[in-house]
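As provided, target_32.csv (CSV, C-alpha atoms) reads as follows.
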```csv
chain,number,residue,atom,x,y,z
P,1,THR,CA,-130.3,-134.2,-23.1
P,2,LEU,CA,-128.8,-137.3,-21.4
P,3,LEU,CA,-127.3,-135.2,-18.7
P,4,TYR,CA,-130.8,-134.2,-17.5
P,5,LYS,CA,-131.7,-137.9,-17.0
P,6,ILE,CA,-128.4,-139.4,-15.9
P,7,ASN,CA,-127.9,-140.8,-12.5
P,8,PRO,CA,-126.6,-138.0,-10.2
P,9,THR,CA,-123.6,-140.2,-9.1
P,10,ARG,CA,-122.7,-140.7,-12.8
P,11,LEU,CA,-122.8,-137.0,-13.4
P,12,GLU,CA,-120.5,-136.5,-10.4
P,13,GLN,CA,-118.1,-139.0,-12.1
P,14,ILE,CA,-118.3,-137.1,-15.4
P,15,ALA,CA,-117.5,-133.9,-13.5
P,16,GLN,CA,-114.6,-135.7,-11.8
P,17,TYR,CA,-113.1,-136.7,-15.1
P,18,VAL,CA,-113.7,-133.3,-16.7
P,19,PHE,CA,-112.1,-131.3,-13.8
P,20,SER,CA,-109.1,-133.7,-13.6
P,21,SER,CA,-108.4,-133.0,-17.2
P,22,HIS,CA,-109.3,-129.2,-17.1
P,23,PHE,CA,-107.2,-128.5,-14.0
P,24,ASN,CA,-104.6,-131.2,-14.8
P,25,CYS,CA,-104.7,-132.6,-11.3
P,26,GLU,CA,-106.2,-135.3,-9.1
P,27,VAL,CA,-109.9,-135.1,-8.4
P,28,GLU,CA,-111.3,-137.4,-5.6
P,29,HIS,CA,-115.0,-138.5,-5.7
P,30,VAL,CA,-116.4,-138.2,-2.2
P,31,GLY,CA,-120.1,-137.8,-2.9
P,32,GLN,CA,-122.6,-140.2,-1.3
P,33,SER,CA,-125.6,-140.1,0.9
P,34,HIS,CA,-125.1,-137.6,3.7
P,35,ASP,CA,-121.9,-136.3,2.2
P,36,GLY,CA,-122.3,-132.9,3.8
P,37,GLY,CA,-122.7,-131.1,0.5
P,38,VAL,CA,-119.4,-132.0,-1.1
P,39,ASP,CA,-119.2,-134.4,-4.0
P,40,LEU,CA,-115.6,-133.9,-5.3
P,41,LEU,CA,-112.3,-132.6,-4.1
P,42,ILE,CA,-109.9,-131.0,-6.6
P,43,ILE,CA,-106.5,-131.7,-5.2
P,44,ASN,CA,-104.2,-129.0,-6.8
P,45,SER,CA,-102.8,-127.3,-3.7
P,46,ASP,CA,-102.5,-127.7,0.1
P,47,LYS,CA,-106.2,-126.9,0.4
P,48,PRO,CA,-108.5,-128.7,-2.1
P,49,ILE,CA,-111.3,-127.0,-4.1
P,50,LEU,CA,-114.6,-128.4,-2.9
P,51,VAL,CA,-117.2,-129.2,-5.6
P,52,GLN,CA,-120.9,-129.7,-5.4
P,53,VAL,CA,-122.7,-131.3,-8.4
P,54,LYS,CA,-126.4,-130.8,-9.0
P,55,ARG,CA,-128.3,-132.6,-11.6
P,56,ARG,CA,-131.6,-130.9,-12.5
P,57,GLU,CA,-134.1,-132.8,-14.7
P,58,LYS,CA,-135.4,-129.8,-16.7
P,59,ALA,CA,-133.4,-127.8,-19.2
P,60,SER,CA,-135.4,-124.7,-18.0
P,61,SER,CA,-134.3,-125.0,-14.3
P,62,VAL,CA,-132.6,-122.1,-12.6
P,63,GLU,CA,-130.3,-122.9,-9.7
P,64,SER,CA,-131.6,-121.2,-6.6
P,65,VAL,CA,-129.8,-119.1,-4.0
P,66,SER,CA,-130.5,-121.7,-1.4
P,67,THR,CA,-128.3,-124.2,-3.2
P,68,VAL,CA,-125.5,-121.7,-3.3
P,69,ARG,CA,-126.0,-120.8,0.4
P,70,ASP,CA,-126.1,-124.5,1.4
P,71,PHE,CA,-122.8,-125.1,-0.4
P,72,LEU,CA,-121.2,-122.0,1.1
P,73,GLY,CA,-122.2,-123.3,4.5
P,74,ALA,CA,-120.6,-126.7,3.7
P,75,MET,CA,-117.4,-124.9,2.7
P,76,TYR,CA,-117.5,-122.7,5.9
P,77,ILE,CA,-118.0,-125.8,8.1
P,78,ARG,CA,-114.8,-127.3,6.6
P,79,ASN,CA,-112.9,-124.0,6.9
P,80,ASN,CA,-112.3,-124.0,3.2
P,81,TYR,CA,-113.0,-121.0,1.0
P,82,LYS,CA,-112.4,-122.6,-2.4
P,83,GLY,CA,-115.4,-124.0,-4.2
P,84,ILE,CA,-117.2,-124.8,-7.5
P,85,ILE,CA,-120.8,-125.6,-8.0
P,86,VAL,CA,-121.8,-127.5,-11.2
P,87,SER,CA,-125.4,-127.6,-12.2
P,88,THR,CA,-127.3,-128.8,-15.2
P,89,ALA,CA,-129.6,-125.8,-14.7
P,90,LYS,CA,-129.7,-123.3,-17.5
P,91,SER,CA,-128.4,-120.6,-15.2
P,92,PHE,CA,-127.9,-119.5,-11.6
P,93,SER,CA,-130.4,-117.1,-10.1
P,94,LYS,CA,-129.6,-113.4,-9.8
P,95,PRO,CA,-129.7,-113.7,-6.0
P,96,SER,CA,-127.2,-116.6,-6.0
P,97,GLU,CA,-124.8,-114.6,-8.3
P,98,LYS,CA,-125.2,-111.6,-5.9
P,99,VAL,CA,-124.3,-113.7,-2.8
P,100,VAL,CA,-121.1,-114.9,-4.5
P,101,ASP,CA,-120.2,-111.5,-5.9
P,102,ASP,CA,-120.6,-109.9,-2.5
P,103,LEU,CA,-118.4,-112.5,-0.8
P,104,LYS,CA,-115.8,-112.2,-3.5
P,105,ASN,CA,-115.8,-108.4,-3.2
P,106,GLU,CA,-115.4,-108.7,0.6
P,107,ASN,CA,-112.4,-111.1,0.0
P,108,ARG,CA,-114.3,-113.8,2.0
P,109,LEU,CA,-113.8,-116.4,-0.8
P,110,GLU,CA,-110.4,-117.5,-2.0
P,111,TYR,CA,-111.9,-119.0,-5.2
P,112,PHE,CA,-115.4,-119.7,-6.3
P,113,GLU,CA,-116.9,-120.6,-9.7
P,114,MET,CA,-120.4,-121.5,-10.8
P,115,PHE,CA,-120.8,-123.8,-13.8
P,116,ASP,CA,-124.3,-123.8,-15.3
P,117,PHE,CA,-125.2,-126.3,-18.1
P,118,SER,CA,-123.7,-124.2,-20.9
P,119,ARG,CA,-120.4,-123.5,-19.1
P,120,PHE,CA,-120.1,-127.1,-18.1
P,121,SER,CA,-120.9,-128.4,-21.6
P,122,SER,CA,-118.3,-126.1,-23.1
P,123,THR,CA,-115.7,-127.5,-20.6
P,124,LEU,CA,-116.6,-131.0,-21.7
P,125,ASN,CA,-115.2,-130.0,-25.1
P,126,LEU,CA,-111.9,-128.7,-23.8
P,127,VAL,CA,-110.7,-132.0,-22.4
P,128,ASP,CA,-108.3,-134.4,-24.2
P,129,LEU,CA,-109.6,-134.6,-27.7
P,130,SER,CA,-106.9,-137.1,-28.8
P,131,ARG,CA,-109.0,-140.1,-27.7
P,132,LYS,CA,-112.5,-141.0,-26.8
P,133,LYS,CA,-113.2,-139.2,-23.6
P,134,ASN,CA,-114.1,-141.1,-20.4
P,135,TRP,CA,-117.1,-138.8,-19.8
P,136,GLU,CA,-118.5,-140.0,-23.2
P,137,PHE,CA,-118.0,-143.6,-22.1
P,138,LEU,CA,-119.8,-142.9,-18.8
P,139,VAL,CA,-122.8,-141.4,-20.6
P,140,GLU,CA,-122.9,-144.2,-23.2
P,141,THR,CA,-122.9,-146.9,-20.6
P,142,TRP,CA,-125.9,-145.3,-18.9
P,143,LYS,CA,-128.1,-145.4,-22.0
```

Could I get this file's structure written as structure tokens?
Amino acid sequence: TLLYKINPTRLEQIAQYVFSSHFNCEVEHVGQSHDGGVDLLIINSDKPILVQVKRREKASSVESVSTVRDFLGAMYIRNNYKGIIVSTAKSFSKPSEKVVDDLKNENRLEYFEMFDFSRFSSTLNLVDLSRKKNWEFLVETWK
């Protein structure tokens, strides 16, 4: 429940840690005011994966197609067709899934994933269990 109330920048930092562990690579935090729709860069090849992180305040939220379209536009402007959207929403809307599926079927995206609350939460449990996770520390310091 803390993820619904956490500062959006703190959630970006948690996602940064989780993806650096999940992809075993460098992840750069670039999110700030007027960031052009990109919060993180996953550096695992010549062309990074762009990441947008959205913190929604309600567990019942559904991420809209406009969020997905905005992020796809940010990717297009940067001439980069690799992206991930992370959201604390319970799911992505059917129209947003359709937009992504259509673009993938047309081979207009190199890589694109959508992480809703459930998928992101399960990814939290996949990272380095041998020590206290940095994302847990980030959440605890916010309390």

Counting all atoms listed in the file, what are the residues of range 23-80 of chain P within 8 Å of range 92-114 of chain P, and for each of them which pair of atoms is the nearest and at what distance in Å, to one decimal? Sort the table by chain and rising number, as JSON lines.
```
{"residue": "P:Val62", "atom": "CA", "partner": "P:Phe92", "partner_atom": "CA", "distance": 5.5}
{"residue": "P:Glu63", "atom": "CA", "partner": "P:Phe92", "partner_atom": "CA", "distance": 4.6}
{"residue": "P:Ser64", "atom": "CA", "partner": "P:Ser93", "partner_atom": "CA", "distance": 5.5}
{"residue": "P:Val65", "atom": "CA", "partner": "P:Ser96", "partner_atom": "CA", "distance": 4.1}
{"residue": "P:Ser66", "atom": "CA", "partner": "P:Ser96", "partner_atom": "CA", "distance": 7.6}
{"residue": "P:Val68", "atom": "CA", "partner": "P:Ser96", "partner_atom": "CA", "distance": 6.0}
{"residue": "P:Arg69", "atom": "CA", "partner": "P:Ser96", "partner_atom": "CA", "distance": 7.7}
```

Point to revise | Straight-line distance linking CA of Asn79 in chain P with CA of Arg119 in chain P, stated in Å to one decimal | key: 27.1 Å

Review point. In Å, with one decimal, what is the gap from CA of Thr9 in chain P to CA of Tyr81 in chain P?
Key: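 Distance between the two atoms: 24.1 Å.
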
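If only C-alpha atoms are the atoms counted, then among P:Ser122, P:Ser60, P:Val53, P:Ala89 the closest residue to Ala15 in chain P is P:Val53.
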
Study note, to complete from the structure: In Å and to one decimal, CA of Val27 in chain P is distant from CA of Lys82 in chain P by 14.1 Å

**Study point:** Best match for closeness to Gln16 in chain P among P:Met75, P:Lys58, P:Val86, P:Leu3, counting only C-alpha atoms
**Key:**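 Comparing P:Met75, P:Lys58, P:Val86, P:Leu3 against Gln16 in chain P, the winner is P:Val86.
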
Review point. Taking all atoms listed in the file into account, which of P:Glu26, P:Asp46, P:Asp39, P:Asp116 comes nearest Gln13 in chain P?
Key: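 Of P:Glu26, P:Asp46, P:Asp39, P:Asp116, the one nearest Gln13 in chain P, counting all atoms listed in the file, is P:Asp39.
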
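The residue that comes closest to Leu11 in chain P, out of P:Phe117, P:Arg55, P:Asp70, P:Ser45 and on the basis of all atoms listed in the file, is P:Arg55.
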
Exercise for review: Would you mind telling me which residue in P:Ala74, P:Val38, P:Leu124, P:Ala59 lies nearest to Ser20 in chain P when using only C-alpha atoms?
Suggested key: P:Leu124
